[in-house]
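Structure file target.cif; described as mmCIF, C-alpha atoms.
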```cif
data_protein
loop_
_atom_site.label_atom_id
_atom_site.label_comp_id
_atom_site.auth_asym_id
_atom_site.auth_seq_id
_atom_site.Cartn_x
_atom_site.Cartn_y
_atom_site.Cartn_z
CA MET A 26 316.35 85.93 -150.82
CA ASP A 27 317.05 86.57 -147.13
CA SER A 28 316.79 83.41 -145.07
CA VAL A 29 313.93 82.92 -142.65
CA PRO A 30 314.82 83.42 -138.97
CA ASP A 31 314.14 80.85 -136.28
CA ILE A 32 311.44 82.03 -133.88
CA THR A 33 312.79 80.06 -130.92
CA LEU A 34 316.12 81.83 -131.24
CA LEU A 35 314.38 85.19 -131.63
CA LYS A 36 312.56 84.60 -128.37
CA ARG A 37 315.91 83.76 -126.79
CA ARG A 38 317.14 87.19 -127.88
CA ASP A 39 319.77 85.77 -130.19
CA THR A 40 321.45 88.81 -131.76
CA ASP A 41 322.50 87.05 -134.98
CA GLU A 42 319.02 85.72 -135.48
CA TRP A 43 317.51 89.15 -134.97
CA ASP A 44 319.89 90.59 -137.55
CA LYS A 45 318.61 87.93 -139.91
CA ALA A 46 315.02 88.83 -138.98
CA PHE A 47 315.52 92.53 -139.70
CA LYS A 48 316.72 91.73 -143.23
CA TRP A 49 313.88 89.27 -143.76
CA LEU A 50 311.22 91.72 -142.57
CA TRP A 51 312.54 94.82 -144.27
CA PRO A 52 311.14 94.26 -147.83
CA THR A 53 307.64 93.93 -146.37
CA ALA A 54 307.94 96.88 -144.00
CA PHE A 55 309.35 99.04 -146.76
CA ALA A 56 306.82 98.04 -149.43
CA VAL A 57 303.80 98.57 -147.20
CA SER A 58 305.15 101.92 -145.98
CA ARG A 59 305.87 103.00 -149.54
CA ASN A 60 302.40 102.05 -150.67
CA VAL A 61 300.79 104.15 -147.97
CA LEU A 62 303.16 107.12 -147.90
CA GLY A 63 304.87 107.01 -151.26
CA ALA A 64 302.92 109.63 -153.13
CA LYS A 65 302.42 112.06 -150.25
CA LEU A 66 305.32 111.69 -147.81
CA PRO A 67 308.11 109.79 -149.56
CA ASN A 68 310.75 111.00 -147.11
CA GLN A 69 308.90 109.25 -144.27
CA ILE A 70 308.86 105.78 -145.83
CA GLU A 71 312.05 104.48 -144.28
CA ASP A 72 311.27 105.88 -140.81
CA ASN A 73 307.83 104.32 -140.96
CA ALA A 74 309.29 100.94 -141.89
CA ILE A 75 311.83 101.08 -139.05
CA GLU A 76 309.14 102.07 -136.53
CA ALA A 77 306.96 99.21 -137.75
CA ILE A 78 309.74 96.67 -137.19
CA GLU A 79 310.40 98.23 -133.80
CA ALA A 80 306.73 97.73 -132.93
CA VAL A 81 306.57 94.18 -134.21
CA ILE A 82 309.45 93.17 -131.92
CA GLU A 83 307.01 93.50 -129.02
CA LYS A 84 304.63 91.05 -130.68
CA VAL A 85 307.13 88.26 -131.28
CA ALA A 86 306.72 86.76 -127.82
CA ASP A 87 303.08 85.99 -128.67
CA CYS A 88 303.81 84.42 -132.06
CA LYS A 89 304.08 80.69 -132.45
CA LEU A 90 305.40 80.64 -135.99
CA VAL A 91 307.76 83.00 -137.69
CA THR A 92 305.40 83.68 -140.62
CA GLU A 93 302.93 85.31 -138.25
CA ILE A 94 305.45 88.07 -137.64
CA LYS A 95 305.43 89.21 -141.25
CA ALA A 96 301.64 89.36 -141.40
CA ILE A 97 301.52 91.42 -138.20
CA LEU A 98 304.30 93.67 -139.49
CA ALA A 99 302.33 94.44 -142.65
CA ARG A 100 299.36 95.56 -140.59
CA ILE A 101 301.50 97.67 -138.26
CA ALA A 102 303.38 99.33 -141.13
CA HIS A 103 300.10 100.16 -142.85
CA ASN A 104 298.47 101.56 -139.71
CA LYS A 105 301.51 103.59 -138.77
CA GLY A 106 301.65 105.01 -142.28
CA VAL A 107 298.00 106.03 -142.10
CA ASP A 108 298.59 107.66 -138.70
CA THR A 109 301.53 109.59 -140.11
CA LEU A 110 299.41 110.85 -142.98
CA ARG A 111 296.65 111.92 -140.62
CA LYS A 112 299.09 113.76 -138.36
CA HIS A 113 300.63 115.46 -141.34
CA TYR A 114 297.34 116.84 -142.61
CA THR A 115 295.81 117.70 -139.28
CA ILE A 116 296.53 120.82 -137.29
CA LYS A 117 296.41 119.98 -133.62
CA SER A 118 295.97 123.48 -132.22
CA GLY A 119 292.38 124.39 -131.38
CA GLY A 120 291.21 120.82 -131.64
CA ASP A 121 291.73 118.61 -134.63
CA LYS A 122 290.63 121.19 -137.13
CA VAL A 123 291.76 120.87 -140.67
CA SER A 124 293.77 123.89 -141.66
CA SER A 125 292.63 124.36 -145.21
CA LEU A 126 290.41 123.02 -147.92
CA ASN A 127 293.43 121.41 -149.51
CA ASP A 128 294.15 119.54 -146.29
CA GLU A 129 290.53 118.47 -146.03
CA LYS A 130 290.80 116.99 -149.50
CA ASN A 131 294.04 115.24 -148.52
CA LEU A 132 292.46 113.80 -145.38
CA GLN A 133 289.73 112.25 -147.49
CA ASP A 134 292.40 110.63 -149.63
CA ILE A 135 293.97 108.87 -146.68
CA PRO A 136 293.18 105.16 -146.82
CA ASP A 137 291.02 103.41 -144.29
CA THR A 138 292.45 103.16 -140.79
CA THR A 139 293.44 99.56 -140.66
CA ILE A 140 294.08 96.52 -142.68
CA GLU A 141 291.60 94.17 -141.11
CA ASP A 142 293.04 92.10 -138.33
CA ILE A 143 293.07 88.74 -140.01
CA ASP A 144 294.55 85.80 -138.17
CA SER A 145 296.88 84.59 -140.81
CA LYS A 146 295.74 81.33 -142.30
CA PHE A 147 299.26 81.05 -143.58
CA ALA A 148 301.07 81.04 -140.29
CA SER A 149 302.63 77.70 -141.00
CA GLU A 150 305.89 76.39 -142.31
CA ASP A 151 304.16 75.33 -145.56
CA THR A 152 303.51 78.99 -146.22
CA ARG A 153 307.03 79.55 -147.45
CA ASP A 154 306.43 77.17 -150.30
CA LEU A 155 303.12 78.77 -151.16
CA LEU A 156 304.63 82.25 -151.04
CA HIS A 157 307.42 81.22 -153.38
CA LYS A 158 304.86 79.80 -155.77
CA VAL A 159 302.68 82.90 -155.63
CA THR A 160 305.57 85.27 -156.16
CA ASP A 161 306.84 83.07 -159.00
CA LYS A 162 303.47 82.95 -160.71
CA LEU A 163 302.61 86.63 -160.49
CA ASN A 164 304.59 89.09 -162.52
CA GLU A 165 305.50 92.41 -160.96
CA LYS A 166 302.65 94.25 -162.66
CA GLU A 167 300.07 91.74 -161.43
CA ARG A 168 301.47 91.78 -157.90
CA LYS A 169 301.45 95.58 -157.70
CA CYS A 170 297.92 95.80 -159.08
CA VAL A 171 296.36 93.16 -156.85
CA ILE A 172 298.09 94.51 -153.72
CA SER A 173 297.24 98.14 -154.45
CA PHE A 174 293.62 97.33 -155.26
CA TYR A 175 292.62 94.87 -152.55
CA LEU A 176 295.10 95.60 -149.80
CA HIS A 177 295.57 99.33 -150.12
CA GLN A 178 292.14 100.01 -151.58
CA LYS A 179 293.41 102.23 -154.34
CA SER A 180 291.31 103.09 -157.38
CA HIS A 181 292.27 102.03 -160.89
CA LYS A 182 293.14 105.65 -161.58
CA GLU A 183 295.51 105.86 -158.61
CA ILE A 184 297.14 102.54 -159.49
CA SER A 185 297.62 103.68 -163.06
CA LYS A 186 299.28 106.90 -161.94
CA GLU A 187 301.49 105.40 -159.23
CA HIS A 188 302.76 102.41 -161.18
CA ASP A 189 302.61 103.87 -164.67
CA ILE A 190 300.26 101.18 -165.97
CA PRO A 191 297.60 101.94 -168.62
CA ILE A 192 294.30 102.33 -166.80
CA GLY A 193 292.46 100.13 -169.27
CA SER A 194 294.60 97.10 -168.45
CA ILE A 195 294.31 97.30 -164.67
CA GLY A 196 290.98 95.51 -164.25
CA VAL A 197 292.00 92.52 -166.31
CA THR A 198 295.43 92.38 -164.63
CA ILE A 199 293.83 92.31 -161.15
CA THR A 200 291.41 89.56 -162.17
CA ARG A 201 294.21 87.48 -163.71
CA ALA A 202 296.39 87.86 -160.62
CA LEU A 203 293.55 86.95 -158.28
CA LYS A 204 292.73 83.90 -160.38
CA LYS A 205 296.35 82.71 -160.21
CA MET A 206 296.39 83.11 -156.44
CA SER A 207 293.03 81.42 -156.12
CA ASP A 208 294.23 78.44 -158.17
CA LEU A 209 297.30 78.04 -155.96
CA ILE A 210 295.27 78.21 -152.77
CA GLN A 211 292.89 75.56 -154.07
CA LYS A 212 295.83 73.25 -154.72
CA MET A 213 297.04 73.57 -151.13
CA MET B 73 278.09 89.39 -166.97
CA ASN B 74 274.65 88.85 -165.46
CA ASP B 75 274.03 87.24 -162.09
CA GLY B 76 273.10 83.88 -163.55
CA GLU B 77 276.42 83.68 -165.34
CA MET B 78 278.42 84.42 -162.26
CA LYS B 79 280.68 81.43 -161.83
CA ASN B 80 282.56 80.37 -158.78
CA PHE B 81 285.56 82.59 -159.39
CA ASP B 82 283.39 85.58 -160.11
CA LEU B 83 281.68 84.97 -156.81
CA VAL B 84 285.09 84.90 -155.13
CA GLU B 85 286.00 88.16 -156.85
CA ALA B 86 282.76 89.80 -155.77
CA LEU B 87 283.15 88.63 -152.18
CA MET B 88 286.77 89.75 -152.24
CA LYS B 89 285.71 93.27 -153.15
CA ARG B 90 283.11 93.27 -150.39
CA ALA B 91 285.55 91.98 -147.78
CA SER B 92 288.12 94.55 -148.85
CA GLY B 93 285.53 97.34 -148.65
CA ILE B 94 285.92 98.39 -152.26
CA GLU B 95 282.72 97.19 -153.93
CA THR B 96 280.56 99.78 -155.64
CA LYS B 97 276.90 100.19 -154.75
CA GLU B 98 275.91 98.47 -157.96
CA GLU B 99 278.25 95.52 -157.34
CA GLY B 100 276.93 95.23 -153.79
CA GLU B 101 273.31 95.10 -154.90
CA ARG B 102 274.09 92.52 -157.54
CA LEU B 103 275.89 90.29 -155.06
CA ASP B 104 273.06 90.65 -152.53
CA GLN B 105 270.51 89.64 -155.15
CA LEU B 106 272.58 86.65 -156.11
CA ILE B 107 272.85 85.50 -152.50
CA ILE B 108 269.13 86.04 -151.83
CA SER B 109 268.11 84.25 -155.04
CA GLY B 110 269.36 80.94 -153.65
CA ASP B 111 271.16 80.13 -156.93
CA ILE B 112 274.33 79.50 -154.98
CA SER B 113 274.45 76.45 -152.76
CA HIS B 114 275.46 76.75 -149.14
CA GLU B 115 278.58 74.67 -149.88
CA ASP B 116 279.66 76.89 -152.78
CA MET B 117 279.15 79.96 -150.64
CA GLU B 118 281.14 78.52 -147.80
CA GLN B 119 283.95 77.49 -150.14
CA ALA B 120 284.05 80.93 -151.73
CA ASN B 121 284.14 82.60 -148.32
CA ASN B 122 287.01 80.39 -147.21
CA GLU B 123 288.90 81.20 -150.36
CA VAL B 124 288.39 84.92 -149.88
CA GLU B 125 289.64 84.63 -146.32
CA SER B 126 292.74 82.82 -147.57
CA LEU B 127 293.36 85.34 -150.34
CA ARG B 128 293.07 88.25 -147.94
CA ALA B 129 295.44 86.64 -145.48
CA LEU B 130 297.92 86.02 -148.27
CA LEU B 131 298.04 89.60 -149.56
CA PRO B 132 300.13 91.17 -146.78
CA LEU B 133 302.62 88.35 -147.12
CA ILE B 134 303.33 89.02 -150.78
CA ASP B 135 303.48 92.77 -150.32
CA GLU B 136 307.22 93.19 -150.30
CA ASP B 137 309.87 95.08 -152.18
CA LYS B 138 312.63 92.62 -152.95
CA GLN B 139 314.97 95.40 -154.03
CA ALA B 140 314.75 97.21 -150.71
CA LYS B 141 317.88 96.76 -148.64
CA PHE B 142 317.79 96.97 -144.88
CA PRO B 143 319.45 100.23 -143.74
CA GLU B 144 322.32 99.24 -141.47
CA TYR B 145 322.01 102.46 -139.45
CA ALA B 146 318.72 101.13 -138.05
CA ARG B 147 320.31 97.94 -136.71
CA GLU B 148 321.49 99.34 -133.36
CA ARG B 149 318.17 101.00 -132.65
CA LEU B 150 316.29 97.77 -133.37
CA GLN B 151 318.70 95.59 -131.40
CA THR B 152 318.22 97.98 -128.46
CA LYS B 153 314.49 97.49 -128.78
CA VAL B 154 315.01 93.72 -128.76
CA LYS B 155 317.02 94.01 -125.55
CA GLU B 156 314.35 96.18 -123.91
CA THR B 157 311.57 93.84 -124.98
CA PHE B 158 313.22 90.57 -124.04
CA LYS B 159 314.61 91.79 -120.75
CA LYS B 160 316.02 88.51 -119.47
CA PRO B 161 319.79 88.45 -119.56
CA LEU B 162 321.35 86.65 -122.44
CA ASN B 163 321.97 83.02 -121.77
CA LYS B 164 325.65 82.98 -121.03
CA ARG B 165 326.03 79.58 -122.57
CA SER B 166 324.78 80.93 -125.89
CA THR B 167 327.90 82.99 -125.97
CA THR B 168 329.88 79.97 -124.98
CA LEU B 169 328.31 78.01 -127.80
CA SER B 170 329.18 80.67 -130.36
CA PHE B 171 332.71 80.33 -129.15
CA LEU B 172 332.38 76.57 -129.44
CA LYS B 173 331.93 76.87 -133.18
CA PHE B 174 335.65 77.12 -133.33
CA LEU B 175 336.38 74.60 -130.62
CA VAL B 176 334.34 71.64 -131.79
CA PRO B 177 336.96 70.34 -134.16
CA ILE B 178 339.64 70.56 -131.48
CA SER B 179 338.45 68.14 -128.84
CA ALA B 180 335.42 66.62 -127.24
CA ALA B 181 336.91 67.06 -123.81
CA ALA B 182 337.20 70.80 -124.20
CA PHE B 183 333.67 70.92 -125.55
CA LEU B 184 332.17 69.05 -122.63
CA PHE B 185 334.15 71.07 -120.11
CA LEU B 186 332.92 74.33 -121.54
CA THR B 187 329.29 73.29 -121.84
CA LEU B 188 329.35 72.27 -118.21
CA LEU B 189 330.70 75.60 -116.98
CA PRO B 190 328.44 76.76 -114.15
CA THR B 191 326.33 79.86 -114.66
CA ALA B 192 324.70 81.87 -111.96
CA SER B 193 321.10 81.85 -113.11
CA GLN B 194 320.75 79.28 -115.87
CA PRO B 195 320.70 75.55 -115.32
CA ASP B 196 323.49 73.52 -116.83
CA LEU B 197 322.54 71.22 -119.63
CA ASN B 198 324.38 67.92 -119.80
CA TYR B 199 323.99 66.45 -123.22
CA HIS B 200 323.97 62.70 -123.85
CA TYR B 201 324.17 61.63 -127.46
CA ALA B 202 322.95 58.50 -129.17
CA THR B 203 322.20 57.37 -132.69
CA LEU B 204 319.25 55.16 -133.47
CA ASP B 205 320.07 52.98 -136.44
CA LEU B 206 317.32 50.39 -136.75
CA ILE B 207 318.69 49.03 -139.99
CA GLY B 208 322.06 48.52 -138.37
CA THR B 209 325.38 49.78 -139.50
CA VAL B 210 328.18 47.47 -140.47
CA ARG B 211 330.82 48.18 -137.90
CA GLY B 212 334.53 47.88 -138.03
CA GLU B 213 336.62 48.63 -141.05
CA GLY B 214 333.74 49.10 -143.42
CA GLU B 215 331.70 51.37 -141.16
CA LYS B 216 329.76 53.85 -143.21
CA ALA B 217 329.85 57.54 -142.45
CA GLU B 218 326.65 58.17 -144.37
CA GLY B 219 323.80 59.65 -142.37
CA LYS B 220 326.13 60.46 -139.50
CA PHE B 221 325.25 63.68 -137.71
CA PHE B 222 327.24 64.01 -134.50
CA PRO B 223 330.86 65.08 -134.96
CA ASP B 224 333.49 62.42 -134.30
CA GLU B 225 334.63 64.27 -131.18
CA ILE B 226 331.28 63.69 -129.49
CA SER B 227 330.97 60.60 -127.34
CA GLN B 228 327.86 58.77 -128.46
CA THR B 229 326.18 55.38 -128.30
CA THR B 230 324.57 53.67 -131.25
CA PHE B 231 321.43 51.58 -130.82
CA SER B 232 319.69 49.28 -133.24
CA ASP B 233 317.18 48.14 -130.65
CA LEU B 234 314.43 50.42 -129.33
CA SER B 235 314.18 48.82 -125.90
CA GLU B 236 317.90 49.28 -125.35
CA LEU B 237 317.56 52.88 -126.39
CA ASP B 238 314.70 53.39 -123.92
CA GLU B 239 316.82 51.96 -121.13
CA TRP B 240 319.64 54.27 -122.06
CA LYS B 241 317.30 57.26 -122.09
CA GLN B 242 315.84 56.41 -118.70
CA ALA B 243 319.33 56.10 -117.28
CA ASN B 244 320.36 59.47 -118.68
CA GLU B 245 317.24 61.57 -118.16
CA GLY B 246 316.60 63.40 -114.96
CA GLY B 247 318.89 65.73 -113.08
CA GLN B 248 318.38 68.46 -110.56
CA SER B 249 317.23 72.03 -111.00
CA GLN B 250 320.68 73.38 -111.82
CA ASN B 251 321.84 70.32 -113.67
CA ILE B 252 319.56 69.05 -116.43
CA ASN B 253 320.35 65.94 -118.41
CA VAL B 254 319.29 66.17 -122.02
CA THR B 255 319.33 63.14 -124.27
CA ILE B 256 319.68 63.74 -127.98
CA VAL B 257 318.98 60.80 -130.23
CA HIS B 258 319.73 61.01 -133.92
CA ASP B 259 317.07 58.96 -135.69
CA LYS B 260 318.83 57.95 -138.89
CA ILE B 261 315.72 56.70 -140.63
CA ASN B 262 313.60 59.78 -140.04
CA GLY B 263 316.56 62.11 -140.27
CA ASN B 264 315.72 64.13 -137.18
CA LEU B 265 316.72 64.46 -133.53
CA GLU B 266 314.63 63.23 -130.62
CA VAL B 267 315.36 65.39 -127.59
CA SER B 268 314.15 64.53 -124.11
CA PHE B 269 314.74 65.93 -120.65
CA MET B 270 313.04 66.38 -117.30
CA ALA B 271 311.20 69.67 -116.76
CA GLY B 272 309.95 69.62 -113.19
CA SER B 273 308.44 66.20 -112.70
CA GLU B 274 307.55 65.76 -116.37
CA ILE B 275 309.60 64.26 -119.15
CA VAL B 276 309.52 66.58 -122.12
CA GLU B 277 310.11 65.08 -125.55
CA LYS B 278 310.70 67.17 -128.63
CA THR B 279 311.48 66.34 -132.22
CA VAL B 280 313.96 68.77 -133.66
CA PRO B 281 314.66 68.82 -137.38
CA ILE B 282 318.29 68.84 -138.41
CA GLU B 283 318.99 72.28 -139.79
CA GLY B 284 322.46 73.20 -140.89
CA THR B 285 325.47 72.34 -138.84
CA PHE B 286 325.70 70.45 -135.58
CA GLU B 287 326.48 73.68 -133.71
CA HIS B 288 323.46 75.45 -135.14
CA THR B 289 321.15 72.56 -134.32
CA LEU B 290 322.57 72.27 -130.82
CA LYS B 291 321.97 75.97 -130.32
CA LYS B 292 318.37 75.46 -131.33
CA ILE B 293 318.00 72.52 -128.96
CA GLU B 294 319.43 74.56 -126.13
CA ALA B 295 316.98 77.38 -126.84
CA THR B 296 314.07 74.93 -126.92
CA VAL B 297 315.06 73.35 -123.61
CA MET B 298 315.59 76.71 -121.91
CA LEU B 299 312.21 77.93 -123.14
CA GLU B 300 310.49 74.86 -121.72
CA LEU B 301 312.26 75.28 -118.39
CA GLU B 302 311.39 78.97 -118.24
CA ASN B 303 307.75 78.19 -118.99
CA LEU B 304 307.71 76.07 -115.86
CA LYS B 305 308.63 79.03 -113.66
#
```

Let me see the structure of the file written as structure tokens.
Amino acid sequence: MDSVPDITLLKRRDTDEWDKAFKWLWPTAFAVSRNVLGAKLPNQIEDNAIEAIEAVIEKVADCKLVTEIKAILARIAHNKGVDTLRKHYTIKSGGDKVSSLNDEKNLQDIPDTTIEDIDSKFASEDTRDLLHKVTDKLNEKERKCVISFYLHQKSHKEISKEHDIPIGSIGVTITRALKKMSDLIQKM
Amino acid sequence: MNDGEMKNFDLVEALMKRASGIETKEEGERLDQLIISGDISHEDMEQANNEVESLRALLPLIDEDKQAKFPEYARERLQTKVKETFKKPLNKRSTTLSFLKFLVPISAAAFLFLTLLPTASQPDLNYHYATLDLIGTVRGEGEKAEGKFFPDEISQTTFSDLSELDEWKQANEGGQSQNINVTIVHDKINGNLEVSFMAGSEIVEKTVPIEGTFEHTLKKIEATVMLELENLK
């Protein structure tokens, strides 16, 4: 696992620390971008992730703890991905008219504009420990399901198709994952 | 599951769907009825809401692809953005300190000379090192190296008495705008560093955890001090 950068050094523009930060942030930027763009614009995933990191650099000066950066990055990557989808399916000429019925359908499929702007309750050093525990407790299937459902607001059908998981098992997997997370939070 | 059977976790799950904007009309009506019915105490509701808030804040943090490798071609572009965003020139002494990584083992004299090199825009930081060892170390032949943090090349004073340490700090704090004295005290019992220096007319005291090598920790201390001094401007 990439080591966590030091926010004081980031604010001092320490090049080595920023290199560390890019590697630490990348898995989040990439995953969020892939979740938004994966099915429709897979060739834009990496660009979206890079642009999101570029945008989060401007926010670092306002962050007190390094964990805040990752939470902000996730929101930026999501929002940028949604914007990219909208641009892709919208013809600008003659107003923002939709060019065809197919595009209209695609526009409806685009997720909601933003992940709600939550002030991270986990912007503390203890978060690292909690995150390790959560990622240890959840298996990959549970993590994908709970993220896709609650964070990216995807239907069971979409989750089944994207992650190749039987549709009948998705509901129970989401509930189990949420319960595990809930138990860990209660122990904090 | 009927409303009466809805337990605490089910309530959390229902609220989670509402907060995420994915509840169905039927689920929404059922939750509304449950809330209106008064079957849930105010405390339970508050606890469930707090938990939902925590869960939602946690989700973006676990949304990552551990297999994804950072594309090196993006590094230059992002470093350029860092430079544009944090426009202040790099602290020259940071560069000096990177260089010091290799010099520390050579001699304390060279170290002190280099850290005191004048820079045009940044104040010079004069470090004064001490170790607080309240238990007391047996000195002489049998002196223990355990718990020692400062390299041997660094000139330092060891105190086992707090009032003596305070006197030493008072004597070494202060300095003028371009020449800041910074005292660094290694607290052996707590295993951290107490850093103090004058910022304007105020004495600033910071506790810095020991992380990694002496050079790395010193770099962090320097960044902390510079940030405090810049905040004064």

Inset, instruction - Taking (312.8, 94.1, -127.5) in the file's own coordinates, collect the residues within 10 Å, counting only C-alpha atoms, and hand them back as a ChimeraX atom specification. - result: /A:35-36,38,79-86 /B:150-159

Inset, instruction - Check which residues satisfy the PyMOL selection byres ((chain A and resi 182) around 12) in the file shown, then give them as number ranges by chain. - result: A: 170, 173-174, 178-181, 183-196

Requested write-out: C-alpha atoms of the selected residues, as an mmCIF file, in the frame of the given file:
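Result file is selection.cif:
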```cif
data_model
loop_
_atom_site.group_PDB
_atom_site.id
_atom_site.type_symbol
_atom_site.label_atom_id
_atom_site.label_comp_id
_atom_site.auth_asym_id
_atom_site.auth_seq_id
_atom_site.Cartn_x
_atom_site.Cartn_y
_atom_site.Cartn_z
ATOM 1 C CA CYS A 170 297.920 95.800 -159.080
ATOM 2 C CA SER A 173 297.240 98.140 -154.450
ATOM 3 C CA PHE A 174 293.620 97.330 -155.260
ATOM 4 C CA GLN A 178 292.140 100.010 -151.580
ATOM 5 C CA LYS A 179 293.410 102.230 -154.340
ATOM 6 C CA SER A 180 291.310 103.090 -157.380
ATOM 7 C CA HIS A 181 292.270 102.030 -160.890
ATOM 8 C CA GLU A 183 295.510 105.860 -158.610
ATOM 9 C CA ILE A 184 297.140 102.540 -159.490
ATOM 10 C CA SER A 185 297.620 103.680 -163.060
ATOM 11 C CA LYS A 186 299.280 106.900 -161.940
ATOM 12 C CA GLU A 187 301.490 105.400 -159.230
ATOM 13 C CA HIS A 188 302.760 102.410 -161.180
ATOM 14 C CA ASP A 189 302.610 103.870 -164.670
ATOM 15 C CA ILE A 190 300.260 101.180 -165.970
ATOM 16 C CA PRO A 191 297.600 101.940 -168.620
ATOM 17 C CA ILE A 192 294.300 102.330 -166.800
ATOM 18 C CA GLY A 193 292.460 100.130 -169.270
ATOM 19 C CA SER A 194 294.600 97.100 -168.450
ATOM 20 C CA ILE A 195 294.310 97.300 -164.670
ATOM 21 C CA GLY A 196 290.980 95.510 -164.250
#
```

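Among B:Gln139, B:Thr96, B:Ser268, B:Asn121, the residue with the shortest atom-to-atom distance to chain A, counting all atoms listed in the file, is B:Gln139.
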
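The interatomic distance for the pair atom CA of Ala102 of chain A and atom CA of Ala74 of chain A works out to 6.2 Å.
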
Inset, instruction - Rounded to one decimal place, report the atom CA of Leu204 of chain B-atom CA of Asp259 of chain B distance in Å. - result: 4.9 Å

Legend entry - Residues returned when the PyMOL selection byres ((chain B) within 6 of (chain A)) runs on this file, as a ChimeraX atom specification: /B:92,129,132-133,135-138,140,142,150

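For the structure in this document, the set picked by the PyMOL selection byres ((chain A and resi 110) around 8) is Leu62, Lys65, Leu66, Gly106, Val107, Asp108, Thr109, Arg111, Lys112, His113, Tyr114, Leu132 and Ile135 of chain A.
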